[in-house]
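Engineer: Below is the file input30.tsv, with TSV, C-alpha atoms and all ligand atoms.
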```tsv
chain	number	residue	atom	x	y	z
A	1	MET	CA	-14.02	-5.23	-13.11
A	2	SER	CA	-12.62	-8.78	-13.36
A	3	GLU	CA	-9.09	-9.41	-12.07
A	4	LYS	CA	-7.98	-10.49	-15.54
A	5	LYS	CA	-9.41	-7.38	-17.15
A	6	ARG	CA	-7.77	-5.00	-14.72
A	7	ALA	CA	-4.39	-6.78	-15.05
A	8	GLY	CA	-4.64	-6.22	-18.79
A	9	PHE	CA	-5.08	-2.48	-18.42
A	10	LEU	CA	-4.43	-0.72	-21.69
A	11	TYR	CA	-2.29	2.29	-20.82
A	12	LYS	CA	1.41	1.52	-20.63
A	13	ARG	CA	2.79	4.38	-18.57
A	14	PHE	CA	5.22	2.07	-16.77
A	15	GLU	CA	6.98	0.15	-19.58
A	16	GLY	CA	10.57	-0.55	-18.49
A	17	LYS	CA	9.86	0.38	-14.85
A	18	VAL	CA	10.35	-1.84	-11.81
A	19	GLY	CA	8.05	-1.56	-8.83
A	20	LEU	CA	7.81	-3.19	-5.42
A	21	VAL	CA	4.44	-3.47	-3.68
A	22	THR	CA	4.24	-4.79	-0.12
A	23	GLY	CA	1.25	-6.73	1.18
A	24	ALA	CA	0.44	-7.49	-2.47
A	25	GLY	CA	-0.92	-10.98	-1.83
A	26	GLN	CA	-4.50	-9.72	-1.67
A	27	GLY	CA	-6.76	-6.71	-1.40
A	28	ILE	CA	-5.50	-3.23	-2.19
A	29	GLY	CA	-1.87	-4.38	-2.57
A	30	ARG	CA	-2.88	-6.96	-5.17
A	31	ALA	CA	-4.91	-4.35	-7.07
A	32	ILE	CA	-1.93	-1.97	-7.06
A	33	ALA	CA	0.48	-4.70	-8.23
A	34	MET	CA	-1.91	-5.65	-11.02
A	35	ARG	CA	-2.41	-2.06	-12.06
A	36	LEU	CA	1.36	-1.41	-12.26
A	37	ALA	CA	1.95	-4.66	-14.16
A	38	GLY	CA	-1.02	-3.92	-16.43
A	39	GLU	CA	0.65	-0.63	-17.32
A	40	GLY	CA	3.90	-2.40	-18.21
A	41	ALA	CA	5.98	-2.47	-15.00
A	42	PHE	CA	7.84	-5.49	-13.69
A	43	VAL	CA	6.43	-5.91	-10.19
A	44	GLY	CA	7.97	-7.39	-7.06
A	45	VAL	CA	4.92	-8.79	-5.23
A	46	LEU	CA	6.04	-8.88	-1.60
A	47	ASP	CA	3.97	-10.53	1.10
A	48	TRP	CA	4.66	-12.64	4.15
A	49	ASN	CA	2.18	-15.15	2.72
A	50	PRO	CA	4.01	-16.83	-0.18
A	51	ASP	CA	0.85	-18.56	-1.48
A	52	THR	CA	-1.15	-15.37	-1.98
A	53	ALA	CA	1.90	-13.53	-3.36
A	54	GLY	CA	2.30	-16.40	-5.86
A	55	GLU	CA	-1.39	-16.14	-6.81
A	56	THR	CA	-1.02	-12.42	-7.54
A	57	VAL	CA	1.97	-13.14	-9.79
A	58	GLU	CA	0.01	-15.89	-11.56
A	59	ILE	CA	-2.85	-13.47	-12.30
A	60	ILE	CA	-0.36	-10.87	-13.56
A	61	ARG	CA	1.42	-13.39	-15.80
A	62	SER	CA	-1.80	-14.88	-17.15
A	63	ALA	CA	-2.76	-11.38	-18.31
A	64	GLY	CA	0.60	-10.95	-20.08
A	65	GLY	CA	2.36	-8.94	-17.37
A	66	SER	CA	5.55	-9.72	-15.49
A	67	GLY	CA	6.56	-9.90	-11.88
A	68	ILE	CA	7.96	-12.06	-9.14
A	69	ALA	CA	6.71	-13.19	-5.73
A	70	LEU	CA	8.93	-12.19	-2.81
A	71	GLN	CA	8.24	-13.67	0.60
A	72	ALA	CA	9.22	-11.44	3.52
A	73	ASP	CA	7.89	-9.98	6.73
A	74	VAL	CA	8.28	-6.23	6.22
A	75	SER	CA	9.15	-5.74	9.88
A	76	GLN	CA	12.29	-7.89	9.46
A	77	SER	CA	14.96	-5.57	8.08
A	78	VAL	CA	17.43	-8.28	7.06
A	79	GLN	CA	14.82	-10.24	5.07
A	80	VAL	CA	13.52	-7.08	3.45
A	81	LYS	CA	16.96	-5.83	2.42
A	82	GLU	CA	17.91	-9.23	1.02
A	83	ARG	CA	14.76	-9.45	-1.15
A	84	ILE	CA	14.98	-5.83	-2.33
A	85	ASP	CA	18.72	-6.00	-3.07
A	86	LYS	CA	18.12	-9.12	-5.16
A	87	LEU	CA	15.21	-7.49	-7.02
A	88	ALA	CA	17.37	-4.43	-7.76
A	89	THR	CA	20.30	-6.57	-8.92
A	90	ASP	CA	18.18	-8.88	-11.09
A	91	GLN	CA	16.11	-6.11	-12.67
A	92	GLY	CA	18.82	-3.43	-12.66
A	93	GLN	CA	16.70	-0.82	-10.84
A	94	ILE	CA	13.76	-0.08	-8.53
A	95	ASP	CA	11.63	2.83	-9.69
A	96	PHE	CA	8.57	2.51	-7.44
A	97	LEU	CA	7.91	1.44	-3.87
A	98	VAL	CA	4.40	1.12	-2.46
A	99	ASN	CA	4.28	0.51	1.29
A	100	ASN	CA	0.90	-1.16	1.63
A	101	ALA	CA	1.32	-4.14	4.02
A	102	GLY	CA	-0.84	-3.71	7.05
A	103	LEU	CA	-2.84	-5.29	9.84
A	104	ASP	CA	-5.07	-4.19	12.66
A	105	ARG	CA	-5.31	-5.06	16.37
A	106	PRO	CA	-8.73	-3.70	17.32
A	107	GLY	CA	-9.80	-3.16	20.90
A	108	GLY	CA	-10.73	-0.47	23.37
A	109	PHE	CA	-7.65	1.50	24.40
A	110	LEU	CA	-7.79	0.51	28.07
A	111	LYS	CA	-7.84	-3.19	27.17
A	112	LEU	CA	-4.85	-2.99	24.84
A	113	THR	CA	-1.32	-3.93	25.79
A	114	GLU	CA	2.01	-2.51	24.74
A	115	MET	CA	2.29	-5.52	22.40
A	116	SER	CA	-0.89	-4.56	20.51
A	117	PHE	CA	0.74	-1.25	19.68
A	118	LEU	CA	4.11	-2.76	18.87
A	119	ASP	CA	2.57	-5.41	16.57
A	120	VAL	CA	0.84	-2.74	14.53
A	121	PHE	CA	3.74	-0.26	14.54
A	122	LYS	CA	6.13	-3.02	13.45
A	123	VAL	CA	4.21	-3.71	10.25
A	124	HIS	CA	3.01	-0.22	9.29
A	125	ILE	CA	5.84	2.00	10.48
A	126	LEU	CA	8.92	-0.19	10.79
A	127	GLY	CA	7.84	-2.09	7.66
A	128	ALA	CA	7.65	1.10	5.62
A	129	VAL	CA	10.93	2.33	7.12
A	130	ASN	CA	12.69	-0.95	6.27
A	131	CYS	CA	11.46	-0.87	2.67
A	132	CYS	CA	12.41	2.81	2.28
A	133	LEU	CA	15.86	2.13	3.74
A	134	ALA	CA	16.39	-0.65	1.20
A	135	CYS	CA	14.86	1.08	-1.86
A	136	ALA	CA	15.81	4.74	-1.43
A	137	PRO	CA	19.57	4.30	-1.96
A	138	VAL	CA	18.88	2.52	-5.27
A	139	MET	CA	16.54	5.36	-6.33
A	140	ILE	CA	18.87	8.12	-5.15
A	141	SER	CA	21.82	6.54	-6.99
A	142	VAL	CA	20.03	7.23	-10.31
A	143	GLY	CA	18.34	10.47	-9.15
A	144	ASP	CA	14.82	9.14	-9.72
A	145	GLY	CA	12.27	7.23	-7.67
A	146	ARG	CA	8.71	7.35	-6.40
A	147	ILE	CA	7.35	6.11	-3.10
A	148	VAL	CA	3.70	5.89	-2.04
A	149	ASN	CA	2.74	5.01	1.52
A	150	ILE	CA	-0.73	3.61	2.11
A	151	SER	CA	-2.06	5.39	5.17
A	152	SER	CA	-5.79	5.51	6.04
A	153	ILE	CA	-8.41	8.18	6.55
A	154	TYR	CA	-8.41	6.89	10.15
A	155	GLY	CA	-4.89	8.34	10.42
A	156	LYS	CA	-6.52	11.76	9.98
A	157	VAL	CA	-9.77	11.46	11.94
A	158	GLY	CA	-9.10	8.55	14.36
A	159	THR	CA	-11.78	6.08	15.38
A	160	LYS	CA	-12.96	4.26	18.47
A	161	GLY	CA	-11.41	0.87	19.20
A	162	GLU	CA	-8.49	1.04	16.77
A	163	SER	CA	-5.99	3.36	18.44
A	164	PRO	CA	-2.84	1.42	17.44
A	165	TYR	CA	-3.93	1.40	13.79
A	166	CYS	CA	-4.89	5.10	13.76
A	167	THR	CA	-1.63	6.06	15.48
A	168	ALA	CA	0.42	4.05	12.99
A	169	LYS	CA	-1.44	5.48	9.99
A	170	ALA	CA	-0.92	9.03	11.29
A	171	GLY	CA	2.75	8.14	11.75
A	172	LEU	CA	2.99	7.31	8.06
A	173	VAL	CA	2.02	10.90	7.30
A	174	GLY	CA	5.04	12.10	9.28
A	175	LEU	CA	7.29	9.63	7.50
A	176	THR	CA	5.90	10.66	4.09
A	177	LYS	CA	6.44	14.38	4.66
A	178	SER	CA	9.89	13.92	6.23
A	179	LEU	CA	11.15	11.77	3.37
A	180	ALA	CA	9.56	14.08	0.79
A	181	ARG	CA	11.62	16.92	2.25
A	182	GLU	CA	14.78	14.84	2.61
A	183	PHE	CA	14.70	13.15	-0.81
A	184	GLY	CA	13.13	15.85	-2.98
A	185	ALA	CA	16.41	17.33	-4.19
A	186	LYS	CA	17.65	13.81	-4.89
A	187	GLY	CA	14.86	13.15	-7.41
A	188	VAL	CA	12.72	10.92	-5.22
A	189	ARG	CA	9.05	11.87	-4.69
A	190	VAL	CA	7.24	10.55	-1.62
A	191	ASN	CA	3.45	10.74	-1.23
A	192	ALA	CA	0.72	8.98	0.71
A	193	VAL	CA	-2.81	7.83	-0.03
A	194	MET	CA	-5.47	7.70	2.66
A	195	PRO	CA	-8.11	5.19	1.57
A	196	GLY	CA	-11.55	5.08	3.06
A	197	LEU	CA	-13.42	1.84	3.53
A	198	THR	CA	-12.46	-0.51	0.68
A	199	ALA	CA	-13.95	-3.89	-0.22
A	200	THR	CA	-10.98	-6.18	0.43
A	201	PRO	CA	-11.08	-9.77	1.74
A	202	THR	CA	-10.15	-8.59	5.24
A	203	ILE	CA	-12.93	-6.01	5.37
A	204	LYS	CA	-15.47	-8.46	3.97
A	205	GLU	CA	-14.48	-11.05	6.59
A	206	MET	CA	-13.93	-8.82	9.62
A	207	MET	CA	-16.38	-5.94	9.35
A	208	HIS	CA	-20.00	-6.62	10.18
A	209	PRO	CA	-22.33	-5.51	7.33
A	210	LYS	CA	-24.14	-3.13	9.70
A	211	TYR	CA	-20.90	-1.14	10.19
A	212	GLN	CA	-20.31	-1.13	6.44
A	213	GLU	CA	-23.85	0.19	5.93
A	214	ALA	CA	-23.26	2.95	8.49
A	215	PHE	CA	-20.12	3.92	6.61
A	216	VAL	CA	-22.00	4.06	3.33
A	217	ARG	CA	-24.66	6.32	4.86
A	218	GLU	CA	-21.97	8.82	5.87
A	219	THR	CA	-20.14	8.68	2.52
A	220	PRO	CA	-21.09	11.35	-0.03
A	221	LEU	CA	-20.57	8.89	-2.90
A	222	SER	CA	-22.85	6.43	-1.04
A	223	ARG	CA	-20.71	3.31	-1.32
A	224	ILE	CA	-17.40	1.82	-0.30
A	225	ALA	CA	-14.39	1.66	-2.64
A	226	ASP	CA	-13.32	-1.11	-4.94
A	227	PRO	CA	-9.55	-1.85	-4.54
A	228	ASP	CA	-9.04	-0.66	-8.15
A	229	GLU	CA	-10.23	2.77	-7.07
A	230	ILE	CA	-7.30	2.97	-4.64
A	231	ALA	CA	-4.84	1.49	-7.15
A	232	ALA	CA	-5.65	4.16	-9.77
A	233	PRO	CA	-4.61	7.20	-7.69
A	234	VAL	CA	-1.54	5.30	-6.45
A	235	ALA	CA	-0.56	4.71	-10.08
A	236	PHE	CA	-1.13	8.41	-10.78
A	237	LEU	CA	1.19	9.44	-7.92
A	238	LEU	CA	3.84	7.04	-9.22
A	239	SER	CA	3.52	8.30	-12.79
A	240	ASP	CA	5.19	11.22	-14.57
A	241	GLU	CA	1.81	12.97	-14.53
A	242	ALA	CA	2.47	13.65	-10.83
A	243	SER	CA	6.00	14.96	-11.52
A	244	PHE	CA	5.53	18.07	-9.32
A	245	ILE	CA	3.74	16.32	-6.46
A	246	THR	CA	5.62	15.32	-3.34
A	247	GLY	CA	4.67	15.25	0.33
A	248	ALA	CA	0.98	15.08	-0.64
A	249	ILE	CA	-1.55	13.13	1.38
A	250	LEU	CA	-4.33	12.15	-1.00
A	251	GLU	CA	-7.68	11.19	0.54
A	252	VAL	CA	-9.49	8.55	-1.52
A	253	THR	CA	-12.63	8.10	0.50
A	254	GLY	CA	-15.67	8.96	-1.62
A	255	GLY	CA	-15.82	12.07	0.54
A	256	TRP	CA	-15.96	10.29	3.92
A	257	GLY	CA	-13.94	12.13	6.57
A	258	MET	CA	-13.18	15.15	4.39
A	301	LIG	N1	-9.47	-2.05	3.22
A	301	LIG	C1	-9.69	-0.85	3.76
A	301	LIG	O1	-10.86	-0.46	4.02
A	301	LIG	C2	-8.54	0.07	4.05
A	301	LIG	C3	-8.83	1.41	4.38
A	301	LIG	C4	-7.77	2.28	4.65
A	301	LIG	C5	-6.47	1.81	4.60
A	301	LIG	N2	-6.23	0.52	4.28
A	301	LIG	C6	-4.84	0.09	4.25
A	301	LIG	O2	-4.54	-0.44	2.97
A	301	LIG	C7	-3.59	-1.49	3.09
A	301	LIG	C8	-4.16	-2.74	2.48
A	301	LIG	O3	-5.41	-3.03	3.09
A	301	LIG	P1	-6.22	-4.34	2.71
A	301	LIG	O4	-7.60	-4.15	3.23
A	301	LIG	O5	-5.97	-4.70	1.31
A	301	LIG	O6	-5.51	-5.39	3.68
A	301	LIG	P2	-5.51	-6.97	3.65
A	301	LIG	O7	-5.50	-7.43	5.05
A	301	LIG	O8	-6.58	-7.49	2.74
A	301	LIG	O9	-4.10	-7.29	2.98
A	301	LIG	C9	-2.92	-6.94	3.65
A	301	LIG	C10	-1.80	-7.75	3.07
A	301	LIG	O10	-0.61	-7.42	3.80
A	301	LIG	C11	0.08	-8.62	4.10
A	301	LIG	N3	0.89	-8.39	5.30
A	301	LIG	C12	0.44	-8.10	6.55
A	301	LIG	N4	1.48	-7.98	7.38
A	301	LIG	C13	2.61	-8.20	6.64
A	301	LIG	C14	3.99	-8.21	6.94
A	301	LIG	N5	4.45	-8.00	8.19
A	301	LIG	N6	4.87	-8.43	5.95
A	301	LIG	C15	4.43	-8.67	4.69
A	301	LIG	N7	3.13	-8.70	4.35
A	301	LIG	C16	2.23	-8.45	5.32
A	301	LIG	C17	-1.02	-9.66	4.31
A	301	LIG	O11	-0.55	-10.98	4.16
A	301	LIG	C18	-2.01	-9.26	3.22
A	301	LIG	O12	-1.72	-9.90	1.99
A	301	LIG	C19	-3.29	-1.62	4.58
A	301	LIG	O13	-2.16	-0.88	4.90
A	301	LIG	C20	-4.53	-1.03	5.21
A	301	LIG	O14	-4.28	-0.57	6.50
A	301	LIG	C21	-7.24	-0.36	4.02
```
The structure given in the file should be rewritten as C-alpha cells.
Ligand SMILES: NC(=O)c1ccc[n+]([C@@H]2O[C@H](COP(=O)([O-])OP(=O)(O)OC[C@H]3O[C@@H](n4cnc5c(N)ncnc54)[C@H](O)[C@@H]3O)[C@@H](O)[C@H]2O)c1
Structural biologist:
Amino acid sequence: MSEKKRAGFLYKRFEGKVGLVTGAGQGIGRAIAMRLAGEGAFVGVLDWNPDTAGETVEIIRSAGGSGIALQADVSQSVQVKERIDKLATDQGQIDFLVNNAGLDRPGGFLKLTEMSFLDVFKVHILGAVNCCLACAPVMISVGDGRIVNISSIYGKVGTKGESPYCTAKAGLVGLTKSLAREFGAKGVRVNAVMPGLTATPTIKEMMHPKYQEAFVRETPLSRIADPDEIAAPVAFLLSDEASFITGAILEVTGGWGM
C-alpha cells in the first residue's frame, strides 16, 4: 500500500482524538502515526530526529490529516514532559500514547558492556516510563485513555546476540501489566503488541537477507510483516472496539514464535 493511500484510510474511528506516537519518524511508528491520522486523530509525531518526524507530518498533511512534529529523546524526562504538556495544552487532551521508539545494540552477551544494556534500557524502558508519566495524569484526569507499548516477540522467546533488546522488550511486558492493573479503575487501558520481523528501513539496512529468509521459512504465513500490519492491531487496541481489553500482549508475528 502506498504511504499516501494508507494515510488516507477511510474509517474515522478517531475523529476528535489526540494521539502521541514515539519513534514516529520512520518504520512502524510512522505507519502507526499515519494510521491514527488517517482515521481522524490529531497526531503528535515524536522522534529524536526532527527531519524524519517532519517528513511523517508532511505525509499526514498531504493526505488531509493533521499532526505536529515533536523533537525529543524519549529517555530525557524533562524534554518529554515539556513536549507532552504542550501537546496536551494546545490540543486540550491526549487520548492515545504509543510507546514505539526503539533501538538495538547487538552483540554476544560476553562482549557487551553495562553501557550496551543501559543504552537500550534508556530508550525502551525509561522512554516508555517517561511518556507514561507525562501522559497518564492527563488521561486519568478525564477518566479515559489508551496506551500501547511496542514490545517484540523477542521479549517472549529471546534470541542470540541481542540480550539487551530482549531484556528490555520483556521489561515492557511487566510495565504494561503493572500499569493495566494500576490504571484500569481510572479508565486507562494499557496493552502491548509484540511484532515479529517487520520490513522497516532499519531491518532492510541492518539485517542480512539470508537471516530474513530464515525467518520467513520459520513463519507460518511465509513472509515478514509490512509496517501497516502492525499499525492495524495497534489502532484496534486504541479503539473502542477493544473497550474490555487491558493488560493484553498481542503477538503480531504471522505465527512466528507462537
Ligand atoms: N522492525 C521489526 O522487525 C520489529 C520487530 C519487533 C519489534 N519492533 C519494535 O518496533 C519499534 C519500531 O521498530 P522499527 O523497525 O520501525 O524501528 P526503526 O529503527 O525503523 O525506527 C525507530 C524510530 O525510533 C526513533 N528513536 C530511537 N531512539 C529514540 C529516542 N531515544 N527518542 C526518540 N526517538 C527515538 C528513531 O529515530 C526512529 O525513527 C521498536 O520499538 C522496535 O524494537 C520492530
Engineer: Out of A:Ala31, A:Val18, A:Val57, A:Val188, which residue has the shortest atom-to-atom distance to ligand LIG 301 (chain A) when counting all atoms listed in the file?
Structural biologist: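 Among the listed residues, A:Ala31 lies closest to ligand LIG 301 (chain A).
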Engineer: Show me, as a PyMOL selection string, the residues that have an atom within 8 Å of stretch 209-222 of chain A when counting only C-alpha atoms, minus same-chain residues fewer than 5 positions from it.
Structural biologist: chain A and resi 197+253-256
Engineer: Using all atoms listed in the file, which of A:Val129, A:Met139, A:Thr198, A:Gly107 sits nearest A:Tyr165?
Structural biologist: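 Closest to A:Tyr165 of all the choices is A:Gly107.
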Engineer: Would you mind telling me which residue in A:Ser178, A:Ser77, A:Ser152, A:Asn130 lies nearest to ligand LIG 301 (chain A) when using only C-alpha atoms and all ligand atoms?
Structural biologist: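 Nearest to ligand LIG 301 (chain A): A:Ser152.
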Engineer: Please identify every polymer residue within 6 Å of ligand LIG 301 (chain A), using all atoms listed in the file, and present the set as a PyMOL selection string.
Structural biologist: chain A and resi 23-29+47-49+72-75+100-103+123+150-152+195-203
Engineer: Between A:His124, A:Val148, A:Val45, A:Cys135, which one has atoms that come closest to A:Thr89, using only C-alpha atoms?
Structural biologist: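 Selected residue with least distance to A:Thr89: A:Cys135.
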Engineer: Under the rule that all atoms listed in the file are counted, which of A:Thr22, A:Gln76, A:Phe109, A:Asp144 is the nearest residue to A:Asp240?
Structural biologist: A:Asp144
Engineer: Using only C-alpha atoms, which of the listed residues (A:Gly16, A:Gly143, A:Pro164, A:Gly65) sits closest to A:Gly92?
Structural biologist: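 Distance minimum relative to A:Gly92 lands on A:Gly16.
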Engineer: Need the shell around stretch 166-177 of chain A: protein/DNA/RNA residues with any atom at most 7 Å away, counting all atoms listed in the file. Skip same-chain ones fewer than 2 positions apart. Format as a PyMOL selection string?
Structural biologist: chain A and resi 120-121+124-125+149+151-152+154-156+158+162-164+179-181+190-192+247
Engineer: Write out N, CA and C atoms for stretch 218-250 of chain A, as a PDB file, in the frame of the given file.
Structural biologist:
```
ATOM      1  N   GLU A 218     -22.721   7.583   5.600  1.00  0.00           N
ATOM      2  CA  GLU A 218     -21.970   8.820   5.870  1.00  0.00           C
ATOM      3  C   GLU A 218     -21.031   9.205   4.727  1.00  0.00           C
ATOM      4  N   THR A 219     -21.070   8.426   3.641  1.00  0.00           N
ATOM      5  CA  THR A 219     -20.140   8.680   2.520  1.00  0.00           C
ATOM      6  C   THR A 219     -20.871   9.408   1.401  1.00  0.00           C
ATOM      7  N   PRO A 220     -20.409  10.612   1.022  1.00  0.00           N
ATOM      8  CA  PRO A 220     -21.090  11.350  -0.030  1.00  0.00           C
ATOM      9  C   PRO A 220     -21.310  10.535  -1.311  1.00  0.00           C
ATOM     10  N   LEU A 221     -20.366   9.691  -1.684  1.00  0.00           N
ATOM     11  CA  LEU A 221     -20.570   8.890  -2.900  1.00  0.00           C
ATOM     12  C   LEU A 221     -21.402   7.630  -2.636  1.00  0.00           C
ATOM     13  N   SER A 222     -21.863   7.462  -1.401  1.00  0.00           N
ATOM     14  CA  SER A 222     -22.850   6.430  -1.040  1.00  0.00           C
ATOM     15  C   SER A 222     -22.441   4.985  -1.326  1.00  0.00           C
ATOM     16  N   ARG A 223     -21.157   4.697  -1.181  1.00  0.00           N
ATOM     17  CA  ARG A 223     -20.710   3.310  -1.320  1.00  0.00           C
ATOM     18  C   ARG A 223     -19.300   3.207  -0.773  1.00  0.00           C
ATOM     19  N   ILE A 224     -18.801   1.969  -0.677  1.00  0.00           N
ATOM     20  CA  ILE A 224     -17.400   1.820  -0.300  1.00  0.00           C
ATOM     21  C   ILE A 224     -16.581   1.618  -1.577  1.00  0.00           C
ATOM     22  N   ALA A 225     -15.252   1.703  -1.440  1.00  0.00           N
ATOM     23  CA  ALA A 225     -14.390   1.660  -2.640  1.00  0.00           C
ATOM     24  C   ALA A 225     -14.144   0.236  -3.101  1.00  0.00           C
ATOM     25  N   ASP A 226     -13.879   0.112  -4.387  1.00  0.00           N
ATOM     26  CA  ASP A 226     -13.320  -1.110  -4.940  1.00  0.00           C
ATOM     27  C   ASP A 226     -11.786  -0.937  -4.856  1.00  0.00           C
ATOM     28  N   PRO A 227     -11.017  -2.004  -4.614  1.00  0.00           N
ATOM     29  CA  PRO A 227      -9.550  -1.850  -4.540  1.00  0.00           C
ATOM     30  C   PRO A 227      -8.949  -1.145  -5.759  1.00  0.00           C
ATOM     31  N   ASP A 228      -9.551  -1.344  -6.945  1.00  0.00           N
ATOM     32  CA  ASP A 228      -9.040  -0.660  -8.150  1.00  0.00           C
ATOM     33  C   ASP A 228      -9.099   0.854  -8.012  1.00  0.00           C
ATOM     34  N   GLU A 229     -10.058   1.326  -7.202  1.00  0.00           N
ATOM     35  CA  GLU A 229     -10.230   2.770  -7.070  1.00  0.00           C
ATOM     36  C   GLU A 229      -9.175   3.372  -6.128  1.00  0.00           C
ATOM     37  N   ILE A 230      -8.467   2.515  -5.408  1.00  0.00           N
ATOM     38  CA  ILE A 230      -7.300   2.970  -4.640  1.00  0.00           C
ATOM     39  C   ILE A 230      -6.051   2.820  -5.520  1.00  0.00           C
ATOM     40  N   ALA A 231      -6.010   1.738  -6.291  1.00  0.00           N
ATOM     41  CA  ALA A 231      -4.840   1.490  -7.150  1.00  0.00           C
ATOM     42  C   ALA A 231      -4.657   2.615  -8.181  1.00  0.00           C
ATOM     43  N   ALA A 232      -5.764   3.135  -8.712  1.00  0.00           N
ATOM     44  CA  ALA A 232      -5.650   4.160  -9.770  1.00  0.00           C
ATOM     45  C   ALA A 232      -4.949   5.429  -9.280  1.00  0.00           C
ATOM     46  N   PRO A 233      -5.351   6.016  -8.143  1.00  0.00           N
ATOM     47  CA  PRO A 233      -4.610   7.200  -7.690  1.00  0.00           C
ATOM     48  C   PRO A 233      -3.176   6.891  -7.246  1.00  0.00           C
ATOM     49  N   VAL A 234      -2.937   5.666  -6.774  1.00  0.00           N
ATOM     50  CA  VAL A 234      -1.540   5.300  -6.450  1.00  0.00           C
ATOM     51  C   VAL A 234      -0.720   5.317  -7.736  1.00  0.00           C
ATOM     52  N   ALA A 235      -1.271   4.726  -8.802  1.00  0.00           N
ATOM     53  CA  ALA A 235      -0.560   4.710 -10.080  1.00  0.00           C
ATOM     54  C   ALA A 235      -0.319   6.135 -10.576  1.00  0.00           C
ATOM     55  N   PHE A 236      -1.307   6.996 -10.383  1.00  0.00           N
ATOM     56  CA  PHE A 236      -1.130   8.410 -10.780  1.00  0.00           C
ATOM     57  C   PHE A 236       0.061   9.033 -10.029  1.00  0.00           C
ATOM     58  N   LEU A 237       0.104   8.831  -8.710  1.00  0.00           N
ATOM     59  CA  LEU A 237       1.190   9.440  -7.920  1.00  0.00           C
ATOM     60  C   LEU A 237       2.554   8.888  -8.324  1.00  0.00           C
ATOM     61  N   LEU A 238       2.577   7.629  -8.790  1.00  0.00           N
ATOM     62  CA  LEU A 238       3.840   7.040  -9.220  1.00  0.00           C
ATOM     63  C   LEU A 238       4.245   7.509 -10.621  1.00  0.00           C
ATOM     64  N   SER A 239       3.270   8.008 -11.371  1.00  0.00           N
ATOM     65  CA  SER A 239       3.520   8.300 -12.790  1.00  0.00           C
ATOM     66  C   SER A 239       4.162   9.670 -12.988  1.00  0.00           C
ATOM     67  N   ASP A 240       4.621   9.925 -14.217  1.00  0.00           N
ATOM     68  CA  ASP A 240       5.190  11.220 -14.570  1.00  0.00           C
ATOM     69  C   ASP A 240       4.148  12.334 -14.527  1.00  0.00           C
ATOM     70  N   GLU A 241       2.869  11.947 -14.596  1.00  0.00           N
ATOM     71  CA  GLU A 241       1.810  12.970 -14.530  1.00  0.00           C
ATOM     72  C   GLU A 241       1.808  13.679 -13.176  1.00  0.00           C
ATOM     73  N   ALA A 242       2.407  13.037 -12.165  1.00  0.00           N
ATOM     74  CA  ALA A 242       2.470  13.650 -10.830  1.00  0.00           C
ATOM     75  C   ALA A 242       3.879  14.195 -10.560  1.00  0.00           C
ATOM     76  N   SER A 243       4.568  14.615 -11.634  1.00  0.00           N
ATOM     77  CA  SER A 243       6.000  14.960 -11.520  1.00  0.00           C
ATOM     78  C   SER A 243       6.294  16.108 -10.554  1.00  0.00           C
ATOM     79  N   PHE A 244       5.279  16.956 -10.252  1.00  0.00           N
ATOM     80  CA  PHE A 244       5.530  18.070  -9.320  1.00  0.00           C
ATOM     81  C   PHE A 244       4.794  17.866  -8.002  1.00  0.00           C
ATOM     82  N   ILE A 245       4.466  16.619  -7.710  1.00  0.00           N
ATOM     83  CA  ILE A 245       3.740  16.320  -6.460  1.00  0.00           C
ATOM     84  C   ILE A 245       4.636  15.516  -5.531  1.00  0.00           C
ATOM     85  N   THR A 246       4.940  16.087  -4.392  1.00  0.00           N
ATOM     86  CA  THR A 246       5.620  15.320  -3.340  1.00  0.00           C
ATOM     87  C   THR A 246       5.138  15.810  -1.976  1.00  0.00           C
ATOM     88  N   GLY A 247       5.136  14.906  -1.014  1.00  0.00           N
ATOM     89  CA  GLY A 247       4.670  15.250   0.330  1.00  0.00           C
ATOM     90  C   GLY A 247       3.153  15.385   0.412  1.00  0.00           C
ATOM     91  N   ALA A 248       2.444  14.950  -0.637  1.00  0.00           N
ATOM     92  CA  ALA A 248       0.980  15.080  -0.640  1.00  0.00           C
ATOM     93  C   ALA A 248       0.343  13.883   0.065  1.00  0.00           C
ATOM     94  N   ILE A 249      -0.779  14.184   0.712  1.00  0.00           N
ATOM     95  CA  ILE A 249      -1.550  13.130   1.380  1.00  0.00           C
ATOM     96  C   ILE A 249      -2.916  13.134   0.689  1.00  0.00           C
ATOM     97  N   LEU A 250      -3.131  12.161  -0.167  1.00  0.00           N
ATOM     98  CA  LEU A 250      -4.330  12.150  -1.000  1.00  0.00           C
ATOM     99  C   LEU A 250      -5.414  11.285  -0.369  1.00  0.00           C
TER     100      LEU A 250
END
```
